[in-house]
Amino acid sequence: MAKLALISGASRGIGRAIALALAQEGFDLALLYAGNEEAAAETKRLCEGLGARAALYCCDVSDFALSGETVRRVLSEQGQIDALVNNAGITNDKLLLQMKEEDFSRVIDVNLKGAFNLIRHCAPGFIKRRQGRILNISSVSGLMGNAGQANYAAAKAGLIGLTKSVAKELAPRGICCNALAPGFISTDMTASLPAAARETLLSAIPLKRAGEANEVGSLAAFLLGEHAGYITGAVIPIDGGLSM
Ligand code: NAP
């Protein structure tokens with residue numbers, strides 16, 4: 001029986017690329033999205049084109065109860081969850097003095113609490129079966145901080161603490177939990193950057209280019225695959241050298 005990966009934010013960008021890389025490695029997929037049904041359906045179609053079974057679930061991961069309901073639906077419809085990828089994320093960049101309480105809270109709720117919600121609901125199954133892989137998509141902003149991203153950098157740094165704590169707690173049960181810290185990757189999230197900001201950012205990257213979502217997808221597939229069973233609690237930058 002193929003392994004099943006549950007991926008949040010699978011409709012677009014890095015989430016879609018991870019879904020495709022996992023489909024290529026023989027995983028079946030539970031694809032979570034927030035509201036963009038058309039894009040999610042396209043991810044599903046592309047995964048099926050690679051021979052995977054793929055099912056769509058609409059779920060705002062910031063909602064604890066809804067996340068639980070979604071995990072229970074996936075388990076009852078698909079039988080098991082072998083890997084969880086916490087990829088759903090948003091930005092709401094503002095300088096500190098312009099940042100309202102709700103700007104901070106919403107970014108924390110989606111990027112950080114959303115990951116906790118899905119981990120909390122998937123962990124009992126992982127623990128019972130004494131196996132499971134968790135991959136959290138953090139960011140170089142969480143490693144380095146970033147002016148204009150106090151909310152996002154705090155959420156992504158929090159995700160690193162969450163990753164290491166879960167890795168330590170669940171390691172005795174054979175469960176691995178890691179994080180990726182992507183730099184500047186070409187997706188919808190970065191497409192709206194003004195040209196000048198984009199140029200400044202690119203010039204700070206040692207490899208002098210943006211990363212592609214499929215480069216993150218390949219690394220994710222490795223970490224969730226059979227050869228990565230001795231890696232846990234790791235935070236791996238994939239950033240063209242930006243954070244070194
Ligand atoms: P993206 O293209 O903007 O896609 C964001 C994804 O998250 C979409 O699938 C979206 O679903 C989903 N989403 C948003 N809010 C959600 C919610 N409340 N509940 C569930 N899903 C939600 O972003 P991306 O660039 O691929 O980023 C993916 C992850 O990588 C994020 O965690 C981001 O912070 C991280 N990252 C990205 C970069 C980069 O340079 N792009 C760098 C470092 C880290 P809908 O389509 O349904 O709205």
# chains A, B, ... in the order shown; residues from 1 in each chain; ligands from 1
>>> residues_around(residues="range 47-55 of chain A", least_positions_apart="5", cutoff="6 Å", atoms="only C-alpha atoms", output="MDAnalysis selection string")
chainID A and resid 20 23 28:31
>>> residues_near_ligand(ligand="ligand 1", cutoff="7 Å", atoms="only C-alpha atoms and all ligand atoms", output="MDAnalysis selection string")
chainID A and resid 8:15 32:37 39:40 59:62 87:91 110:111 137:140 181:190
>>> closest_atom_pairs(of="range 51-161 of chain A", to="range 218-234 of chain A", cutoff="8 Å", atoms="only C-alpha atoms", output="tab-separated table")
residue	atom	partner	partner_atom	distance
A:Ala83	CA	A:Leu224	CA	6.9
A:Arg133	CA	A:Leu224	CA	6.2
A:Ile134	CA	A:Leu224	CA	7.8
A:Leu135	CA	A:Ala220	CA	7.5
>>> write_last_selection(atoms="all heavy atoms", output="JSON list (two decimals), in the first residue's frame")
[["chain", "number", "residue", "atom", "x", "y", "z"],
["A", 83, "ALA", "N", 2.81, 10.78, 6.56],
["A", 83, "ALA", "CA", 3.66, 11.98, 6.60],
["A", 83, "ALA", "C", 2.77, 13.22, 6.63],
["A", 83, "ALA", "O", 1.72, 13.26, 5.98],
["A", 83, "ALA", "CB", 4.56, 12.01, 5.37],
["A", 133, "ARG", "N", 6.33, 10.87, 9.82],
["A", 133, "ARG", "CA", 7.28, 11.94, 9.48],
["A", 133, "ARG", "C", 6.53, 13.26, 9.48],
["A", 133, "ARG", "O", 5.42, 13.35, 8.94],
["A", 133, "ARG", "CB", 7.86, 11.72, 8.08],
["A", 133, "ARG", "CG", 8.69, 10.44, 7.92],
["A", 133, "ARG", "CD", 10.10, 10.63, 8.45],
["A", 133, "ARG", "NE", 10.85, 9.39, 8.36],
["A", 133, "ARG", "CZ", 11.53, 9.00, 7.29],
["A", 133, "ARG", "NH1", 11.56, 9.76, 6.21],
["A", 133, "ARG", "NH2", 12.17, 7.85, 7.30],
["A", 134, "ILE", "N", 7.16, 14.27, 10.05],
["A", 134, "ILE", "CA", 6.58, 15.61, 10.06],
["A", 134, "ILE", "C", 7.61, 16.57, 9.45],
["A", 134, "ILE", "O", 8.80, 16.52, 9.82],
["A", 134, "ILE", "CB", 6.24, 16.06, 11.50],
["A", 134, "ILE", "CG1", 5.26, 15.08, 12.15],
["A", 134, "ILE", "CG2", 5.67, 17.48, 11.50],
["A", 134, "ILE", "CD1", 5.12, 15.24, 13.66],
["A", 135, "LEU", "N", 7.16, 17.40, 8.54],
["A", 135, "LEU", "CA", 8.04, 18.40, 7.95],
["A", 135, "LEU", "C", 7.35, 19.76, 8.01],
["A", 135, "LEU", "O", 6.22, 19.92, 7.52],
["A", 135, "LEU", "CB", 8.35, 18.05, 6.48],
["A", 135, "LEU", "CG", 9.33, 18.98, 5.78],
["A", 135, "LEU", "CD1", 10.70, 18.94, 6.44],
["A", 135, "LEU", "CD2", 9.46, 18.62, 4.30]]
>>> residues_around(residues="range 116-129 of chain A", least_positions_apart="4", cutoff="10 Å", atoms="only C-alpha atoms", output="MDAnalysis selection string")
chainID A and resid 6:8 61:72 75 80:86 109:112 133:136 159 162:163 166 170:175 177
>>> write_last_selection(atoms="C-alpha atoms", output="short mmCIF file (atom, residue, chain, number, x, y, z; two decimals), in the first residue's frame")
data_model
loop_
_atom_site.label_atom_id
_atom_site.label_comp_id
_atom_site.auth_asym_id
_atom_site.auth_seq_id
_atom_site.Cartn_x
_atom_site.Cartn_y
_atom_site.Cartn_z
CA LEU A 6 -1.10 15.14 4.14
CA ILE A 7 0.10 18.53 2.85
CA SER A 8 -1.34 21.87 3.95
CA VAL A 61 -5.44 25.32 9.44
CA SER A 62 -5.68 28.13 12.01
CA ASP A 63 -8.95 26.53 13.23
CA PHE A 64 -8.09 23.81 15.78
CA ALA A 65 -11.46 22.03 15.64
CA LEU A 66 -11.64 22.12 11.83
CA SER A 67 -8.07 20.79 11.59
CA GLY A 68 -9.10 17.88 13.82
CA GLU A 69 -12.20 17.21 11.76
CA THR A 70 -10.11 17.25 8.57
CA VAL A 71 -7.52 14.82 9.96
CA ARG A 72 -10.33 12.48 11.06
CA LEU A 75 -8.06 8.93 8.22
CA GLN A 80 -3.79 6.19 7.36
CA ILE A 81 -1.46 9.20 7.36
CA ASP A 82 2.28 8.47 7.08
CA ALA A 83 3.66 11.98 6.60
CA LEU A 84 2.49 15.48 7.50
CA VAL A 85 3.78 18.59 5.73
CA ASN A 86 2.94 21.89 7.43
CA ASP A 109 -2.37 31.71 13.84
CA VAL A 110 -1.91 30.43 10.28
CA ASN A 111 1.86 29.87 10.13
CA LEU A 112 2.57 28.64 13.67
CA ARG A 133 7.28 11.94 9.48
CA ILE A 134 6.58 15.61 10.06
CA LEU A 135 8.04 18.40 7.95
CA ASN A 136 7.45 22.05 8.81
CA LEU A 159 8.04 26.85 14.04
CA LEU A 162 8.02 23.58 17.68
CA THR A 163 9.98 21.34 15.30
CA VAL A 166 8.23 17.67 18.74
CA LEU A 170 8.40 11.87 19.54
CA ALA A 171 11.83 10.43 18.68
CA PRO A 172 11.44 7.56 21.18
CA ARG A 173 8.35 6.52 19.16
CA GLY A 174 10.29 6.39 15.89
CA ILE A 175 8.81 9.65 14.57
CA CYS A 177 10.22 15.96 12.70
#
>>> closest_residue(among="A:Val235, A:Glu199, A:Leu180, A:Asn92", to="Ile18 in chain A", atoms="only C-alpha atoms")
A:Leu180
>>> select_by_dssp(residues="range 17-208 of chain A", states="helix (DSSP H, G or I)", output="number ranges by chain")
A: 17-24, 37-49, 64-78, 96-98, 101-129, 140-144, 150-173, 188-191, 195-204
>>> closest_residue(among="A:Val216, A:Val74, A:Ala41, A:Met244", to="Ala5 in chain A", atoms="only C-alpha atoms")
A:Val74
>>> select_by_dssp(residues="range 23-215 of chain A", states="strand (DSSP E)", output="PyMOL selection string")
chain A and resi 28-33+54-58+83-86+132-137+175-182
>>> write_last_selection(atoms="C-alpha atoms", output="PDB file, in the first residue's frame")
ATOM      1  CA  ASP A  28      -0.720   9.126  -2.242  1.00  0.00           C
ATOM      2  CA  LEU A  29      -1.861  12.579  -1.177  1.00  0.00           C
ATOM      3  CA  ALA A  30      -4.358  14.415   0.993  1.00  0.00           C
ATOM      4  CA  LEU A  31      -4.168  17.954  -0.368  1.00  0.00           C
ATOM      5  CA  LEU A  32      -5.350  20.737   1.964  1.00  0.00           C
ATOM      6  CA  TYR A  33      -6.151  24.224   0.741  1.00  0.00           C
ATOM      7  CA  ALA A  54      -5.035  12.450  -4.499  1.00  0.00           C
ATOM      8  CA  ALA A  55      -7.971  13.881  -2.538  1.00  0.00           C
ATOM      9  CA  LEU A  56      -8.825  17.497  -1.728  1.00  0.00           C
ATOM     10  CA  TYR A  57      -9.789  18.889   1.679  1.00  0.00           C
ATOM     11  CA  CYS A  58     -10.710  22.520   2.310  1.00  0.00           C
ATOM     12  CA  ALA A  83       3.658  11.980   6.596  1.00  0.00           C
ATOM     13  CA  LEU A  84       2.487  15.478   7.499  1.00  0.00           C
ATOM     14  CA  VAL A  85       3.782  18.589   5.732  1.00  0.00           C
ATOM     15  CA  ASN A  86       2.940  21.887   7.427  1.00  0.00           C
ATOM     16  CA  GLY A 132       5.492   9.008  11.040  1.00  0.00           C
ATOM     17  CA  ARG A 133       7.279  11.940   9.482  1.00  0.00           C
ATOM     18  CA  ILE A 134       6.579  15.615  10.056  1.00  0.00           C
ATOM     19  CA  LEU A 135       8.041  18.398   7.947  1.00  0.00           C
ATOM     20  CA  ASN A 136       7.450  22.052   8.808  1.00  0.00           C
ATOM     21  CA  ILE A 137       8.108  24.794   6.264  1.00  0.00           C
ATOM     22  CA  ILE A 175       8.814   9.645  14.568  1.00  0.00           C
ATOM     23  CA  CYS A 176      11.001  12.233  12.803  1.00  0.00           C
ATOM     24  CA  CYS A 177      10.218  15.960  12.697  1.00  0.00           C
ATOM     25  CA  ASN A 178      12.276  18.421  10.663  1.00  0.00           C
ATOM     26  CA  ALA A 179      11.997  21.913   9.204  1.00  0.00           C
ATOM     27  CA  LEU A 180      13.037  23.532   5.949  1.00  0.00           C
ATOM     28  CA  ALA A 181      14.019  27.185   5.909  1.00  0.00           C
ATOM     29  CA  PRO A 182      13.581  28.384   2.316  1.00  0.00           C
TER      30      PRO A 182
END
>>> atom_distance(atom1="CA of Ala167 in chain A", atom2="CA of Arg16 in chain A")
24.9 Å
>>> atom_distance(atom1="CA of Gly240 in chain A", atom2="CA of Leu201 in chain A")
11.5 Å
